[in-house]
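**Student:** I have a structure here, written as structure tokens, and I will follow up with some questions on it.
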Amino acid sequence: MVEAFKGANIAVFDFPEFETYPGCARWDETLEQLLALPQVAEQNNVPDAKGGRALSTVHLSDKLNIPKILNFTQDPLGRWLLTNVLYAAADFGLDKTRDIKKMKFHRTWVNRMTKGCDAVAHRHAAPGWNIPHMVAIFYTQVPENSADLVFIDDNSEVMRAGSICEYPADKTHLIQAKAGRLVCHDACILHGTTPHLNDLPRTCIILEIGFAPK
């Protein structure tokens, strides 16, 4: 489904019966192994995260290709994810100027939030950038009272700003984080999260995606 928020390109898809899907255990095991790497565990929080502890493989994105590691093209969940990325690209009108079947992963990584952590408002691209065109976020672990995704109506070119609480409610649009949920959005949209308030972690995969010109 496409979310309406002041003309912003945002699409949300839910994988049917994600909690009972047999492949989830393999995905969880693989992501746990990546987050346990010394190169990840020994890193400070990424600049976008504040409050509680955050873990991320973003600085290893040139070495860890998440779609390849999780075998998106052969795994049913991976194929579902790729299919819906293409649906979102078409919904956003990218097919008018781009060959959306020629998809390129700019950066791919795993993020984990622990209690008290939130993400400050940030963008993945600015107008005029060649890549990425879209960001896809897929949630794998989302306990109760997790951090939710918040989009902000902001036409500035700031790449990193303050906490979500600094923005008036009428300038924000919240999308609930949910295990098995895929959120695709224009890479230029300013967004962040509410605080994560559970002792259990919140884990997601983030894909920055570009498409070849026609």
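Ordered as shown in the structure tokens, chains take letters A, B, and onward, while each chain numbers its residues from 1 and ligands are numbered from 1 in the order shown.
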Could you list, as a PyMOL selection string, every residue within 12 Å of A:Ser156, counting only C-alpha atoms and ignoring same-chain residues fewer than 2 positions away?

**Tutor:** chain A and resi 122-123+126-127+152-154+158-161+188-190

**Student:** Report as an mmCIF file with N, CA and C atoms, in the first residue's frame all protein, DNA and RNA residues lying within 8 Å of A:Asp148, evaluated on only C-alpha atoms, omitting residues in the same chain fewer than 4 positions from it.

**Tutor:**
data_model
loop_
_atom_site.group_PDB
_atom_site.id
_atom_site.type_symbol
_atom_site.label_atom_id
_atom_site.label_comp_id
_atom_site.auth_asym_id
_atom_site.auth_seq_id
_atom_site.Cartn_x
_atom_site.Cartn_y
_atom_site.Cartn_z
ATOM 1 N N LEU A 174 3.788 9.097 11.302
ATOM 2 C CA LEU A 174 4.355 7.908 11.939
ATOM 3 C C LEU A 174 3.888 6.640 11.245
ATOM 4 N N ILE A 175 4.825 5.729 11.023
ATOM 5 C CA ILE A 175 4.517 4.388 10.545
ATOM 6 C C ILE A 175 5.039 3.398 11.571
ATOM 7 N N GLN A 176 4.166 2.560 12.058
ATOM 8 C CA GLN A 176 4.533 1.620 13.116
ATOM 9 C C GLN A 176 5.512 0.572 12.595
ATOM 10 N N ALA A 177 6.567 0.345 13.364
ATOM 11 C CA ALA A 177 7.486 -0.749 13.056
ATOM 12 C C ALA A 177 6.797 -2.067 13.397
ATOM 13 N N THR A 193 13.255 8.234 14.139
ATOM 14 C CA THR A 193 12.407 7.297 14.889
ATOM 15 C C THR A 193 12.058 7.872 16.258
ATOM 16 N N THR A 194 11.014 7.298 16.832
ATOM 17 C CA THR A 194 10.728 7.517 18.243
ATOM 18 C C THR A 194 11.706 6.674 19.055
ATOM 19 N N PRO A 195 11.806 6.856 20.360
ATOM 20 C CA PRO A 195 12.719 6.042 21.169
ATOM 21 C C PRO A 195 12.265 4.580 21.254
ATOM 22 N N HIS A 196 13.239 3.695 21.353
ATOM 23 C CA HIS A 196 12.965 2.271 21.559
ATOM 24 C C HIS A 196 12.859 2.029 23.061
#

**Student:** Pick from A:Thr20, A:Asn198, A:Ser61, A:Ser163: nearest to A:Ala49, with only C-alpha atoms counted?

**Tutor:**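 Comparing A:Thr20, A:Asn198, A:Ser61, A:Ser163 against A:Ala49, the winner is A:Ser163.
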
**Student:** If DSSP is run on the backbone, what residues of stretch 139-169 of chain A are helix (DSSP H, G or I)? A reply as a PDB file with C-alpha atoms, in the first residue's frame would be ideal.

**Tutor:**
ATOM      1  CA  ILE A 164      11.748  13.706  16.209  1.00  0.00           C
ATOM      2  CA  CYS A 165      10.302  15.350  19.324  1.00  0.00           C
ATOM      3  CA  GLU A 166      11.611  18.714  18.066  1.00  0.00           C
ATOM      4  CA  ALA A 169       2.924  16.814  15.127  1.00  0.00           C
TER       5      ALA A 169
END

**Student:** I'd like the contact shell of A:Met134 - 10 Å cut-off, only C-alpha atoms, skipping same-chain residues fewer than 5 positions apart - returned as a PDB file with N, CA and C atoms, in the first residue's frame.

**Tutor:**
ATOM      1  N   ASN A   9       6.660  10.052  -1.250  1.00  0.00           N
ATOM      2  CA  ASN A   9       6.653   8.694  -1.772  1.00  0.00           C
ATOM      3  C   ASN A   9       7.011   7.713  -0.661  1.00  0.00           C
ATOM      4  N   ILE A  10       5.995   7.052  -0.122  1.00  0.00           N
ATOM      5  CA  ILE A  10       6.170   6.073   0.951  1.00  0.00           C
ATOM      6  C   ILE A  10       5.258   4.887   0.645  1.00  0.00           C
ATOM      7  N   VAL A  85       9.782  -4.013  -3.741  1.00  0.00           N
ATOM      8  CA  VAL A  85      10.618  -2.851  -4.051  1.00  0.00           C
ATOM      9  C   VAL A  85      10.300  -2.349  -5.461  1.00  0.00           C
ATOM     10  N   ALA A  88       6.963  -0.591  -5.458  1.00  0.00           N
ATOM     11  CA  ALA A  88       7.095   0.746  -4.889  1.00  0.00           C
ATOM     12  C   ALA A  88       7.733   1.707  -5.889  1.00  0.00           C
ATOM     13  N   ALA A  89       8.770   1.241  -6.583  1.00  0.00           N
ATOM     14  CA  ALA A  89       9.440   2.090  -7.568  1.00  0.00           C
ATOM     15  C   ALA A  89       8.469   2.541  -8.646  1.00  0.00           C
ATOM     16  N   PHE A  92       6.058   5.087  -7.252  1.00  0.00           N
ATOM     17  CA  PHE A  92       6.702   6.390  -7.079  1.00  0.00           C
ATOM     18  C   PHE A  92       6.949   7.093  -8.416  1.00  0.00           C
ATOM     19  N   LEU A  94       9.168   6.154 -10.668  1.00  0.00           N
ATOM     20  CA  LEU A  94      10.566   6.056 -11.086  1.00  0.00           C
ATOM     21  C   LEU A  94      10.706   5.371 -12.443  1.00  0.00           C
ATOM     22  N   PHE A 105      22.092  -2.052  -5.599  1.00  0.00           N
ATOM     23  CA  PHE A 105      22.155  -1.788  -4.168  1.00  0.00           C
ATOM     24  C   PHE A 105      23.360  -0.899  -3.900  1.00  0.00           C
ATOM     25  N   HIS A 106      23.084   0.332  -3.473  1.00  0.00           N
ATOM     26  CA  HIS A 106      24.151   1.296  -3.186  1.00  0.00           C
ATOM     27  C   HIS A 106      24.878   0.909  -1.906  1.00  0.00           C
ATOM     28  N   HIS A 124      18.888  10.105   3.292  1.00  0.00           N
ATOM     29  CA  HIS A 124      19.885   9.249   2.647  1.00  0.00           C
ATOM     30  C   HIS A 124      20.422   9.863   1.360  1.00  0.00           C
ATOM     31  N   ALA A 125      19.748  10.885   0.857  1.00  0.00           N
ATOM     32  CA  ALA A 125      20.196  11.545  -0.372  1.00  0.00           C
ATOM     33  C   ALA A 125      19.633  12.954  -0.411  1.00  0.00           C
ATOM     34  N   CYS A 184       9.220   1.272   2.019  1.00  0.00           N
ATOM     35  CA  CYS A 184      10.036   1.869   0.963  1.00  0.00           C
ATOM     36  C   CYS A 184       9.734   3.368   0.910  1.00  0.00           C
ATOM     37  N   HIS A 185      10.762   4.171   0.742  1.00  0.00           N
ATOM     38  CA  HIS A 185      10.533   5.615   0.668  1.00  0.00           C
ATOM     39  C   HIS A 185      11.585   6.297  -0.183  1.00  0.00           C
ATOM     40  N   ASP A 186      11.216   7.442  -0.673  1.00  0.00           N
ATOM     41  CA  ASP A 186      12.147   8.290  -1.423  1.00  0.00           C
ATOM     42  C   ASP A 186      13.363   8.576  -0.548  1.00  0.00           C
ATOM     43  N   ALA A 187      14.548   8.427  -1.109  1.00  0.00           N
ATOM     44  CA  ALA A 187      15.777   8.588  -0.328  1.00  0.00           C
ATOM     45  C   ALA A 187      15.965  10.011   0.189  1.00  0.00           C
ATOM     46  N   CYS A 188      15.239  10.987  -0.389  1.00  0.00           N
ATOM     47  CA  CYS A 188      15.413  12.379   0.021  1.00  0.00           C
ATOM     48  C   CYS A 188      14.533  12.784   1.206  1.00  0.00           C
ATOM     49  N   ILE A 189      13.599  11.919   1.602  1.00  0.00           N
ATOM     50  CA  ILE A 189      12.672  12.297   2.672  1.00  0.00           C
ATOM     51  C   ILE A 189      13.381  12.310   4.023  1.00  0.00           C
ATOM     52  N   LEU A 207      18.234  -1.024   2.954  1.00  0.00           N
ATOM     53  CA  LEU A 207      18.758  -1.116   1.598  1.00  0.00           C
ATOM     54  C   LEU A 207      18.653   0.246   0.919  1.00  0.00           C
ATOM     55  N   GLU A 208      19.763   0.775   0.478  1.00  0.00           N
ATOM     56  CA  GLU A 208      19.757   1.966  -0.377  1.00  0.00           C
ATOM     57  C   GLU A 208      19.819   1.489  -1.823  1.00  0.00           C
ATOM     58  N   ILE A 209      18.849   1.936  -2.634  1.00  0.00           N
ATOM     59  CA  ILE A 209      18.662   1.357  -3.959  1.00  0.00           C
ATOM     60  C   ILE A 209      18.669   2.446  -5.023  1.00  0.00           C
ATOM     61  N   GLY A 210      19.340   2.130  -6.125  1.00  0.00           N
ATOM     62  CA  GLY A 210      19.318   3.004  -7.291  1.00  0.00           C
ATOM     63  C   GLY A 210      18.875   2.229  -8.510  1.00  0.00           C
ATOM     64  N   PHE A 211      18.412   2.942  -9.546  1.00  0.00           N
ATOM     65  CA  PHE A 211      17.949   2.305 -10.773  1.00  0.00           C
ATOM     66  C   PHE A 211      18.633   2.962 -11.963  1.00  0.00           C
TER      67      PHE A 211
END

**Student:** When you count only C-alpha atoms, which of these residues is closest to A:Gly192: A:Phe151, A:Gly116, A:Ala90, A:Lys214?

**Tutor:**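 Ranking A:Phe151, A:Gly116, A:Ala90, A:Lys214 by distance to A:Gly192, first place goes to A:Phe151.
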
**Student:** Find the spatial neighbours of A:Ile137, counting only C-alpha atoms, within a cut-off of 8 Å - ignore same-chain residues fewer than 3 positions away - and output them as a list in words.

**Tutor:**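 Neighbouring residues, sequence-local ones excluded: Leu182, Val183, Cys184, Cys204, Ile205, Ile206 and Leu207 of chain A.
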
**Student:** Between A:Leu37, A:Val46, A:Ala11, A:Val142, which has the minimum distance to A:Leu200 (counting only C-alpha atoms)?

**Tutor:**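 Closest residue, counting only C-alpha atoms: A:Val142.
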
**Student:** What are the DSSP strand (DSSP E or B) residues of stretch 13-160 of chain A, as number ranges by chain?

**Tutor:** A: 13-14, 49-50, 54-56, 98-113, 118-119, 122, 134-141, 149-152, 160

**Student:** Okay, now the selection with N, CA, C and O atoms, as a short mmCIF file (atom, residue, chain, number, x, y, z; two decimals), in the first residue's frame?

**Tutor:**
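Generated output (out_32.cif):
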data_model
loop_
_atom_site.label_atom_id
_atom_site.label_comp_id
_atom_site.auth_asym_id
_atom_site.auth_seq_id
_atom_site.Cartn_x
_atom_site.Cartn_y
_atom_site.Cartn_z
N PHE A 13 4.48 -2.57 2.97
CA PHE A 13 4.04 -3.93 2.63
C PHE A 13 4.29 -4.84 3.84
O PHE A 13 5.33 -4.72 4.49
N ASP A 14 3.38 -5.76 4.09
CA ASP A 14 3.54 -6.72 5.19
C ASP A 14 3.61 -8.13 4.63
O ASP A 14 2.73 -8.56 3.88
N ALA A 49 22.23 7.66 15.45
CA ALA A 49 21.64 7.06 16.66
C ALA A 49 22.09 7.80 17.90
O ALA A 49 23.25 8.21 18.03
N LYS A 50 21.17 7.96 18.84
CA LYS A 50 21.51 8.57 20.11
C LYS A 50 20.75 7.85 21.23
O LYS A 50 19.90 6.99 20.97
N ALA A 54 23.39 1.35 19.97
CA ALA A 54 22.97 0.94 18.63
C ALA A 54 24.10 0.13 18.00
O ALA A 54 25.28 0.42 18.20
N LEU A 55 23.74 -0.88 17.25
CA LEU A 55 24.71 -1.66 16.49
C LEU A 55 24.35 -1.55 15.02
O LEU A 55 23.17 -1.53 14.65
N SER A 56 25.36 -1.47 14.17
CA SER A 56 25.12 -1.33 12.74
C SER A 56 26.29 -1.89 11.94
O SER A 56 27.45 -1.76 12.34
N ARG A 98 13.54 5.80 -15.23
CA ARG A 98 14.53 4.79 -14.86
C ARG A 98 14.08 3.41 -15.31
O ARG A 98 12.88 3.13 -15.39
N ASP A 99 15.05 2.55 -15.56
CA ASP A 99 14.75 1.15 -15.84
C ASP A 99 14.75 0.43 -14.49
O ASP A 99 15.79 0.03 -13.99
N ILE A 100 13.56 0.31 -13.89
CA ILE A 100 13.50 -0.19 -12.51
C ILE A 100 13.86 -1.68 -12.41
O ILE A 100 14.10 -2.17 -11.30
N LYS A 101 13.92 -2.38 -13.56
CA LYS A 101 14.36 -3.77 -13.52
C LYS A 101 15.87 -3.88 -13.38
O LYS A 101 16.40 -4.96 -13.09
N LYS A 102 16.56 -2.77 -13.61
CA LYS A 102 18.02 -2.73 -13.43
C LYS A 102 18.30 -2.05 -12.11
O LYS A 102 18.54 -0.85 -12.03
N MET A 103 18.23 -2.85 -11.06
CA MET A 103 18.34 -2.36 -9.69
C MET A 103 19.78 -2.48 -9.20
O MET A 103 20.44 -3.48 -9.45
N LYS A 104 20.25 -1.46 -8.50
CA LYS A 104 21.59 -1.51 -7.90
C LYS A 104 21.48 -1.20 -6.41
O LYS A 104 20.84 -0.22 -6.03
N PHE A 105 22.09 -2.05 -5.60
CA PHE A 105 22.15 -1.79 -4.17
C PHE A 105 23.36 -0.90 -3.90
O PHE A 105 24.50 -1.31 -4.11
N HIS A 106 23.08 0.33 -3.47
CA HIS A 106 24.15 1.30 -3.19
C HIS A 106 24.88 0.91 -1.91
O HIS A 106 26.09 0.70 -1.90
N ARG A 107 24.12 0.81 -0.82
CA ARG A 107 24.64 0.30 0.46
C ARG A 107 23.54 -0.57 1.08
O ARG A 107 22.36 -0.28 0.94
N THR A 108 23.95 -1.62 1.77
CA THR A 108 22.99 -2.47 2.49
C THR A 108 23.59 -2.78 3.85
O THR A 108 24.78 -3.04 3.97
N TRP A 109 22.75 -2.74 4.90
CA TRP A 109 23.28 -3.01 6.23
C TRP A 109 22.18 -3.45 7.19
O TRP A 109 21.00 -3.41 6.87
N VAL A 110 22.61 -3.86 8.37
CA VAL A 110 21.71 -4.27 9.45
C VAL A 110 21.83 -3.25 10.57
O VAL A 110 22.94 -2.84 10.93
N ASN A 111 20.70 -2.83 11.12
CA ASN A 111 20.67 -1.92 12.27
C ASN A 111 19.99 -2.59 13.46
O ASN A 111 19.00 -3.30 13.28
N ARG A 112 20.52 -2.35 14.64
CA ARG A 112 19.86 -2.83 15.85
C ARG A 112 19.81 -1.71 16.88
O ARG A 112 20.82 -1.03 17.12
N MET A 113 18.64 -1.49 17.46
CA MET A 113 18.46 -0.53 18.55
C MET A 113 18.24 -1.29 19.85
O MET A 113 17.53 -2.30 19.87
N ASP A 118 17.22 6.06 19.85
CA ASP A 118 16.37 6.54 18.76
C ASP A 118 17.26 7.09 17.66
O ASP A 118 18.46 7.29 17.85
N ALA A 119 16.67 7.28 16.50
CA ALA A 119 17.42 7.82 15.36
C ALA A 119 17.00 9.27 15.12
O ALA A 119 15.80 9.56 15.02
N HIS A 122 17.15 12.41 9.57
CA HIS A 122 18.23 12.36 8.59
C HIS A 122 17.66 11.99 7.22
O HIS A 122 16.53 11.54 7.09
N MET A 134 15.92 5.32 -3.70
CA MET A 134 14.96 4.77 -2.77
C MET A 134 15.67 4.11 -1.60
O MET A 134 16.80 3.63 -1.74
N VAL A 135 15.00 4.10 -0.46
CA VAL A 135 15.46 3.34 0.71
C VAL A 135 14.37 2.33 1.06
O VAL A 135 13.18 2.66 1.06
N ALA A 136 14.78 1.10 1.33
CA ALA A 136 13.86 0.06 1.77
C ALA A 136 14.29 -0.42 3.15
O ALA A 136 15.47 -0.72 3.36
N ILE A 137 13.36 -0.44 4.08
CA ILE A 137 13.61 -0.88 5.45
C ILE A 137 12.76 -2.11 5.72
O ILE A 137 11.52 -2.06 5.55
N PHE A 138 13.39 -3.20 6.11
CA PHE A 138 12.64 -4.42 6.43
C PHE A 138 12.90 -4.80 7.88
O PHE A 138 14.05 -5.00 8.29
N TYR A 139 11.83 -4.88 8.66
CA TYR A 139 11.94 -5.16 10.09
C TYR A 139 11.89 -6.65 10.36
O TYR A 139 10.97 -7.35 9.92
N THR A 140 12.88 -7.16 11.08
CA THR A 140 12.94 -8.59 11.39
C THR A 140 12.60 -8.88 12.85
O THR A 140 12.08 -9.95 13.16
N GLN A 141 12.93 -7.97 13.76
CA GLN A 141 12.63 -8.15 15.18
C GLN A 141 12.04 -6.84 15.72
O GLN A 141 12.73 -5.81 15.72
N LEU A 149 8.94 4.42 12.96
CA LEU A 149 9.50 5.26 11.92
C LEU A 149 8.65 6.53 11.77
O LEU A 149 7.43 6.45 11.75
N VAL A 150 9.31 7.66 11.67
CA VAL A 150 8.59 8.94 11.55
C VAL A 150 9.16 9.73 10.37
O VAL A 150 10.36 9.99 10.31
N PHE A 151 8.27 10.10 9.46
CA PHE A 151 8.65 10.96 8.33
C PHE A 151 8.29 12.40 8.64
O PHE A 151 7.32 12.67 9.35
N ILE A 152 9.09 13.32 8.11
CA ILE A 152 8.95 14.73 8.45
C ILE A 152 8.74 15.55 7.19
O ILE A 152 9.45 15.37 6.19
N ARG A 160 21.28 15.90 8.31
CA ARG A 160 21.09 15.34 9.65
C ARG A 160 20.62 16.46 10.57
O ARG A 160 21.25 17.52 10.63
#

**Student:** Rank A:Leu60, A:Leu81, A:Ile66, A:Ala8 by their smallest atom-to-atom distance to A:Val40, using only C-alpha atoms, and report the top residue only.

**Tutor:**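 Once distances to A:Val40 are computed over only C-alpha atoms, the minimum belongs to A:Leu60.
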
**Student:** Counting only C-alpha atoms, figure out which residue out of A:Asp75, A:Glu144, A:Asp95, A:Glu29 gets nearest to A:Ala179.

**Tutor:**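 Closest to A:Ala179, using only C-alpha atoms: A:Glu144.
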
**Student:** Which is closer to A:Gly162 than all the others in A:Phe18, A:Asp48, A:Ala41, A:Leu34, using only C-alpha atoms?

**Tutor:**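 The closest residue to A:Gly162 is A:Asp48.
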